[in-house]
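S.K.: Encoded as structure tokens, here's the structure I'll be asking about.
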Amino acid sequence: MAFRPSLRRHLKIESTDLNLTPIMNLMVVMIPMLLSGSQFIKLGIIELNLPPAAGASAAGNQPTALPKEEQRSLDLTISITERGFYISSALTVLHGKDDVQTGIARAGGAGPTIPVNAGGEYDFAELSQKLLEVKQKAQGIFPDADAIVLQAEKDIKYQTLVDTMDAARVIEVDGKVIELFPRVALSAGVM
Amino acid sequence: MAFVPSKIKKHKSEMEVSLNLTSMMDMFTIILVFLIKNYSTEGQLITPSDYLHLPFSQIQKAPEKGLDVVVSKQILMVNNEPVAPMAEVVKNNPAIVEQGVIKPLRERLLHYSSQSKKMEVDYGIKFSGKVTIQGDKDLPYSELVKVIRTCGLSDYPNLRLVVYRKTD
């Protein structure tokens, strides 16, 4: 007995559209919501930890400072002045190169270690370079080879200070990021 | 001469035209993914204004919460409440600045720190002594030092300088 051909052959296949309306509703609600909540400007923070105030209200719970073994520290300091950067440590002050063009010999630390360039702009790349040299020499010898103190003249702008911190924090050499002096402290310094 | 009616069109059944939403959906999906990626639950930390342009920095550290101290060109604010006009701070007005400490700021900070310390006792929320400083990029160093000194002497030694991150 032969099979009878299926009747379903004549069943019409209807093409149905996916009902996209609820998804569309979701999109329409979510996009404005996320758009209003998103941050397009990326913020960052620079940590700057002061030692807890010694003389102020916290003085009561000050433990007696342990007498530490006499240890030589680096005490690296950058002074930002209108003429340029002065780099100094507990041991020495780095002198700038003698100015060949004007013939002025910078003797006895008279000039900044890294002077501003002709346009009055600070040379942050040179500063990073110099600090890298210091870091390489100081690494392993001094316990505070990651700390630096910044001080500035009173009219130095906040942006310059932040740029100096950037220059002192890391340096990129041949695609490698080398950490310099991430522990920054400020000093009221030359006022 | 009259037109001869088209023989093809005559037999065409009337099709229902529906909007093709596929490409629109694609677009929306991409936008949605982008926005979710950019979304931050922290909310806006700062309100930019003409008198407050933060400096730019290469640092990649994400911001965190702390007591807000805003040092704009015009006014000094703590938690969005004005504390002192900057002009007086710059002039070292003896009624406001004493030995490099901004007195109204100190009072306000001590007020907040005592509140936080009370919270620490009552609810166990640890007082971190964190303060975020939003300073204008043209702020002179002498004024910045005054603010930092005041914070340090008023129970807030952990400073966070808020900056814009440079995007490379």
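The chains in the structure tokens are called A, B, ... from first to last as shown; in each chain the residues are counted from 1, and the ligands are counted from 1 in the order shown.
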Using only C-alpha atoms and a distance of at most 7 Å, pull out the residues of chain B that contact chain A, as a PyMOL selection string.
M.R.: chain B and resi 28+32+35-36+38-40+43+55+57-63+137-142+145+152-153+157-165
S.K.: Save out the residues we just selected, N, CA and C atoms, as a short mmCIF file (atom, residue, chain, number, x, y, z; two decimals), in the first residue's frame.
M.R.:
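Output below, filename again-v1.cif:
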```
data_model
loop_
_atom_site.label_atom_id
_atom_site.label_comp_id
_atom_site.auth_asym_id
_atom_site.auth_seq_id
_atom_site.Cartn_x
_atom_site.Cartn_y
_atom_site.Cartn_z
N PHE B 28 21.57 50.60 17.84
CA PHE B 28 21.24 50.78 19.26
C PHE B 28 22.07 49.86 20.14
N LEU B 32 24.47 51.09 23.07
CA LEU B 32 24.21 50.61 24.42
C LEU B 32 25.46 50.00 25.06
N LEU B 35 27.89 52.74 25.94
CA LEU B 35 27.50 53.52 27.11
C LEU B 35 27.66 52.73 28.40
N ILE B 36 27.34 51.46 28.35
CA ILE B 36 27.50 50.64 29.56
C ILE B 36 28.97 50.57 29.95
N ASN B 38 31.15 52.87 29.43
CA ASN B 38 31.56 54.16 29.98
C ASN B 38 30.87 54.51 31.29
N TYR B 39 29.90 53.71 31.64
CA TYR B 39 29.08 54.08 32.78
C TYR B 39 29.85 53.95 34.08
N SER B 40 29.66 54.93 34.91
CA SER B 40 30.28 54.82 36.23
C SER B 40 29.22 55.00 37.28
N GLY B 43 29.05 58.46 39.85
CA GLY B 43 28.38 59.73 39.61
C GLY B 43 29.40 60.83 39.40
N PRO B 55 43.98 70.68 36.72
CA PRO B 55 45.18 70.44 35.91
C PRO B 55 45.13 69.05 35.26
N SER B 57 47.05 65.50 34.20
CA SER B 57 48.15 64.67 34.67
C SER B 57 48.15 63.34 33.94
N GLN B 58 49.31 62.69 33.94
CA GLN B 58 49.40 61.39 33.29
C GLN B 58 49.00 60.25 34.20
N ILE B 59 48.71 60.56 35.43
CA ILE B 59 48.43 59.50 36.40
C ILE B 59 47.18 58.72 36.00
N GLN B 60 47.17 57.43 36.30
CA GLN B 60 46.05 56.59 35.88
C GLN B 60 45.19 56.13 37.06
N LYS B 61 45.49 56.65 38.22
CA LYS B 61 44.76 56.20 39.40
C LYS B 61 43.33 56.73 39.40
N ALA B 62 42.38 55.85 39.68
CA ALA B 62 40.98 56.25 39.65
C ALA B 62 40.62 57.06 40.89
N PRO B 63 39.68 57.99 40.74
CA PRO B 63 39.32 58.80 41.89
C PRO B 63 38.61 58.01 42.97
N LYS B 137 43.98 75.07 37.93
CA LYS B 137 45.35 74.81 37.44
C LYS B 137 46.25 76.04 37.53
N ASP B 138 45.66 77.22 37.62
CA ASP B 138 46.48 78.43 37.71
C ASP B 138 46.71 78.88 39.15
N LEU B 139 46.29 78.05 40.06
CA LEU B 139 46.46 78.38 41.48
C LEU B 139 47.95 78.51 41.81
N PRO B 140 48.36 79.62 42.42
CA PRO B 140 49.78 79.71 42.78
C PRO B 140 50.13 78.77 43.92
N TYR B 141 51.38 78.37 43.95
CA TYR B 141 51.85 77.39 44.92
C TYR B 141 51.62 77.85 46.36
N SER B 142 51.79 79.16 46.60
CA SER B 142 51.66 79.65 47.97
C SER B 142 50.26 79.40 48.52
N VAL B 145 49.74 75.63 49.16
CA VAL B 145 50.41 75.21 50.39
C VAL B 145 49.58 75.59 51.60
N GLY B 152 46.30 69.43 56.65
CA GLY B 152 47.19 68.59 57.45
C GLY B 152 47.04 68.85 58.93
N LEU B 153 46.78 70.10 59.29
CA LEU B 153 46.66 70.45 60.70
C LEU B 153 45.25 70.26 61.22
N PRO B 157 45.16 64.37 56.97
CA PRO B 157 46.50 64.35 56.39
C PRO B 157 46.59 63.61 55.05
N ASN B 158 45.55 62.85 54.68
CA ASN B 158 45.64 62.07 53.45
C ASN B 158 45.02 62.84 52.29
N LEU B 159 45.89 63.50 51.57
CA LEU B 159 45.39 64.38 50.52
C LEU B 159 45.30 63.64 49.21
N ARG B 160 44.27 63.98 48.45
CA ARG B 160 44.13 63.46 47.09
C ARG B 160 43.94 64.66 46.18
N LEU B 161 44.87 64.86 45.29
CA LEU B 161 44.72 65.97 44.35
C LEU B 161 43.95 65.47 43.13
N VAL B 162 42.83 66.10 42.86
CA VAL B 162 42.01 65.66 41.73
C VAL B 162 42.53 66.31 40.45
N VAL B 163 42.74 65.49 39.43
CA VAL B 163 43.25 65.99 38.15
C VAL B 163 42.46 65.35 37.01
N TYR B 164 42.55 65.96 35.87
CA TYR B 164 42.02 65.31 34.67
C TYR B 164 43.07 64.34 34.18
N ARG B 165 42.61 63.16 33.78
CA ARG B 165 43.57 62.22 33.22
C ARG B 165 43.80 62.53 31.76
#
```
S.K.: Taking into account only C-alpha atoms, which residue in the set B:Tyr51, B:Phe3, B:Tyr156, B:Phe56 is nearest to Lys117 of chain B?
M.R.: B:Tyr156
S.K.: Considering only C-alpha atoms, return as a ChimeraX atom specification whatever protein or nucleic-acid residues lie within 10 Å of Gln74 of chain B, sequence-local ones (same chain, fewer than 2 positions apart) excluded.
M.R.: /B:51-52,71-72,76-77,84-88,136
S.K.: How far is it from atom CA of Ile102 of chain B to atom CA of Val89 of chain B, in Å with one decimal?
M.R.: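 Distance reported for this atom pair: 7.3 Å.
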S.K.: What are the DSSP strand (DSSP E) residues of segment 5-161 of chain B, as a ChimeraX atom specification?
M.R.: /B:56-57,67-71,75-78,81-85,97-98,101-102,130-135,158-161
S.K.: Write down as JSON, numbers by chain the residues belonging to segment 2-167 of chain B that are assigned alpha helix (DSSP H) by DSSP computed on the backbone.
M.R.: {"B": [7, 8, 9, 10, 11, 22, 23, 24, 25, 26, 27, 28, 29, 30, 31, 32, 33, 34, 35, 36, 37, 38, 86, 87, 88, 89, 90, 103, 104, 105, 106, 107, 108, 109, 110, 111, 112, 113, 114, 115, 116, 117, 118, 119, 120, 121, 122, 123, 141, 142, 143, 144, 145, 146, 147, 148, 149, 150, 151, 152, 153]}
S.K.: Can you write out the residues you just picked, keeping C-alpha atoms, as a compact mmCIF listing (two decimals), in the first residue's frame?
M.R.:
```
# COMPACT_ATOMS: atom_id res chain seq x y z
CA LYS B 7 -0.91 42.82 -16.66
CA ILE B 8 1.70 42.09 -14.05
CA LYS B 9 0.57 44.64 -11.52
CA LYS B 10 -2.98 43.58 -11.81
CA HIS B 11 -2.22 40.22 -10.31
CA THR B 22 17.32 45.35 11.94
CA SER B 23 19.89 48.01 11.16
CA MET B 24 18.43 50.33 13.76
CA MET B 25 18.65 47.56 16.33
CA ASP B 26 22.29 47.01 15.42
CA MET B 27 23.03 50.64 15.94
CA PHE B 28 21.24 50.78 19.26
CA THR B 29 23.04 47.71 20.49
CA ILE B 30 26.42 49.23 19.70
CA ILE B 31 25.51 52.49 21.42
CA LEU B 32 24.21 50.61 24.42
CA VAL B 33 27.36 48.56 24.81
CA PHE B 34 29.50 51.68 24.49
CA LEU B 35 27.50 53.52 27.11
CA ILE B 36 27.50 50.64 29.56
CA LYS B 37 31.26 50.47 29.20
CA ASN B 38 31.56 54.16 29.98
CA MET B 86 39.96 83.40 47.65
CA ALA B 87 40.75 87.11 47.34
CA GLU B 88 41.00 87.38 51.13
CA VAL B 89 43.11 84.25 51.34
CA VAL B 90 45.52 85.60 48.73
CA LYS B 103 40.98 79.66 59.85
CA PRO B 104 37.45 79.21 58.42
CA LEU B 105 38.64 76.17 56.49
CA ARG B 106 40.19 74.73 59.62
CA GLU B 107 36.97 75.21 61.59
CA ARG B 108 34.93 73.55 58.89
CA LEU B 109 37.33 70.63 58.55
CA LEU B 110 37.43 70.07 62.29
CA HIS B 111 33.64 70.12 62.29
CA TYR B 112 33.54 67.39 59.66
CA SER B 113 36.27 65.35 61.29
CA SER B 114 34.51 65.43 64.65
CA GLN B 115 31.34 64.24 62.90
CA SER B 116 33.26 61.47 61.18
CA LYS B 117 34.92 60.44 64.40
CA LYS B 118 31.54 60.28 66.08
CA MET B 119 30.39 58.05 63.23
CA GLU B 120 33.42 55.90 63.83
CA VAL B 121 32.43 55.40 67.46
CA ASP B 122 28.72 54.95 66.78
CA TYR B 123 28.63 52.94 63.60
CA TYR B 141 51.85 77.39 44.92
CA SER B 142 51.66 79.65 47.97
CA GLU B 143 47.86 79.34 48.10
CA LEU B 144 47.96 75.60 47.53
CA VAL B 145 50.41 75.21 50.39
CA LYS B 146 48.09 77.17 52.68
CA VAL B 147 45.21 74.84 51.87
CA ILE B 148 47.36 71.72 52.23
CA ARG B 149 48.84 72.97 55.49
CA THR B 150 45.39 73.68 56.86
CA CYS B 151 44.16 70.22 55.88
CA GLY B 152 47.19 68.59 57.45
CA LEU B 153 46.66 70.45 60.70
```
S.K.: For a test of reading the model, state the distance in Å between atom CA of Gly140 of chain A and atom CA of Ile80 of chain A, rounded to one decimal.
M.R.: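 Going from atom CA of Gly140 of chain A over to atom CA of Ile80 of chain A, I get 26.8 Å.
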S.K.: So how many Å separate atom CA of Glu64 of chain B and atom CA of Phe181 of chain A, to one decimal?
M.R.: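 Interatomic distance here is 22.2 Å.
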